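Trainee: One structure, as structure tokens, below. Some questions next.
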Amino acid sequence: MRTSSLTRLNYAYDIRIFYDYLLHQKFRTYQVMREITLSDLDSVSAFDLELYLDYLSAYYYNGKKFQCGEKAKMRKLASLRTFFKYFFKKDLLKANVAAKVDLPKIHEQGIIRLEPNEVSELLDTAEHGSIYLSAKQEAARKKSAMRDVAILTLFLGTGIRISELVGLDRKDIDFNNNAFTITRKGGNQSILYFSEEVAQALADYLAWIDEEIDKQTAFSTKISDPNALFLSSQGNRISVRAVELLVKKYSAIASPLKKITPHKLRSTYGTELYRETQDIYVVADVLGHKDVNTTKKHYAAISDEIRRNASRKVKLRDRDEQ
């Protein structure tokens with residue numbers, strides 16, 4: 001299979017939510033999901049799937065309320081299309097009804113990214129703290145400042161994906177060439193390079209974590225994955241959720257009006273790289289976009305900015321004559 005293990009896991013989550021919907025909305029006489037058979041799936045219509053997409057706008061799963069945006073709905077429908085297509089091709093379903101349902105329309109939004117002053121504020125907050133952090137947040141920051149600064153610097157200095165970051169091992173970092181190896185979507189490996197600023201942040205973090213290990217503290221005795229580059233406060237490989245939360249915590253102070261996520265830090269790097277190089281193909285390669293059109297779509301606004309600035313360079317009259 002060409003998809004990554006993380007992609008397959010997300011597919012499984014999507015199918016589980018669909019089955020939960022069927023259990024509570026269509027096959028209400030059943031008690032558990034496993035009672036739903038392929039014959040039952042044959043009774044599912046395209047209209048049922050359209051109702052499912054509406055249901056996703058605000059749904060409950062395991063007692064918790066969730067909401068799906070347009071992109072999330074598109075992915076969940078894509079998962080169902082693959083699911084129904086597989087059983088249809090195996091002659092286990094009479095029809096692939098999911099193929100009849102149109103993908104949700106995606107309304108394009110402007111790129112949300114940090115400005116240079118906001119980047120500085122973000123890193124300063126992680127390194128030195130802020131009066132806007134609660135006492136509990138400040139206590140946690142002091143314990144993990146070296147790690148948090150290294151993570152934020154790596155995002156902002158390389159455009160790495162969050163899944164790539166949490167998967168990094170120590171052996172992947174090459175300080176001799178200021179480079180590291182990552183596994184991209186689909187399982188392909190790539191080498192990315194980083195600046196001296198990123199190298200310093202990583203070196204400081206590794207020196208700190210090694211010192212913690214040498215001290216034989218309670219933290220170091222709980223390390224379960226010594227190969228992992230970034231560790232949680234429990235000594236495990238840091239999770240995607242933990243990284244999302246630390247980005248949210250610091251960005252809420254640095255840029256309170258913007259909803260900043262790890263992906264938005266990636267967009268910030270991509271924007272700055274394009275401004276510096278004005279080469280969309282370089283940006284696409286560094287960010288790991290297989291199709292340059294994906295890059296063009298995301299950075300079209302920057303192209304407009306460059307064209308607008310270029311238009312001001314041409315003067316039709318000598319200033320002294322005006």
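Ordered as shown in the structure tokens, chains take letters A, B, and onward, while each chain numbers its residues from 1 and ligands are numbered from 1 in the order shown.
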Quick check for you: according to DSSP on this backbone, which residues of region 120-303 of chain A are classed as helix (DSSP H, G or I)? Reply as a VMD selection string.
Mentor: chain A and resid 120 to 128 135 to 158 162 to 166 170 to 172 185 to 187 196 to 214 218 to 221 240 to 254 262 to 277 280 to 287 292 to 298 300 to 303
Trainee: Show which residues sit within 12 Å of Gln137 (chain A), as a list in words. Count only C-alpha atoms, and ignore same-chain residues fewer than 3 positions away.
Mentor: Thr125, Ala126, Gly129, Ser130, Ile131, Tyr132, Leu133, Ser134, Ala140, Arg141, Lys142, Lys143, Ser144, Ala145, Leu245, Leu246, Lys248, Lys249 and Tyr250 of chain A
Trainee: Within 10 Å of region 162-168 of chain A, counting only C-alpha atoms, which residues qualify if same-chain residues fewer than 6 places away don't, as a list of chain:residue names?
Mentor: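 In the requested form, the answer reads A:Leu6, A:Ile151, A:Leu154, A:Phe155, A:Phe180, A:Thr181, A:Ile182, A:Thr183, A:Arg184, A:Lys185, A:Asn227, A:Ala228, A:Leu229, A:Phe230, A:Leu231, A:Arg237, A:Ile238, A:Ser239, A:Val240, A:Arg241, A:Ala242, A:Val243, A:Glu244, A:Thr261, A:Pro262, A:His263, A:Leu265, A:Arg266.
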Trainee: What gap, in Å, lies between CA of Tyr205 (chain A) and CA of Lys259 (chain A)?
Mentor: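 According to the coordinates, CA of Tyr205 (chain A) and CA of Lys259 (chain A) are separated by 26.8 Å.
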Trainee: Residues near Lys94 (chain A), anyone? I mean within 7 Å using only C-alpha atoms, not counting same-chain ones fewer than 3 positions away, as an MDAnalysis selection string.
Mentor: chainID A and resid 42 88 91
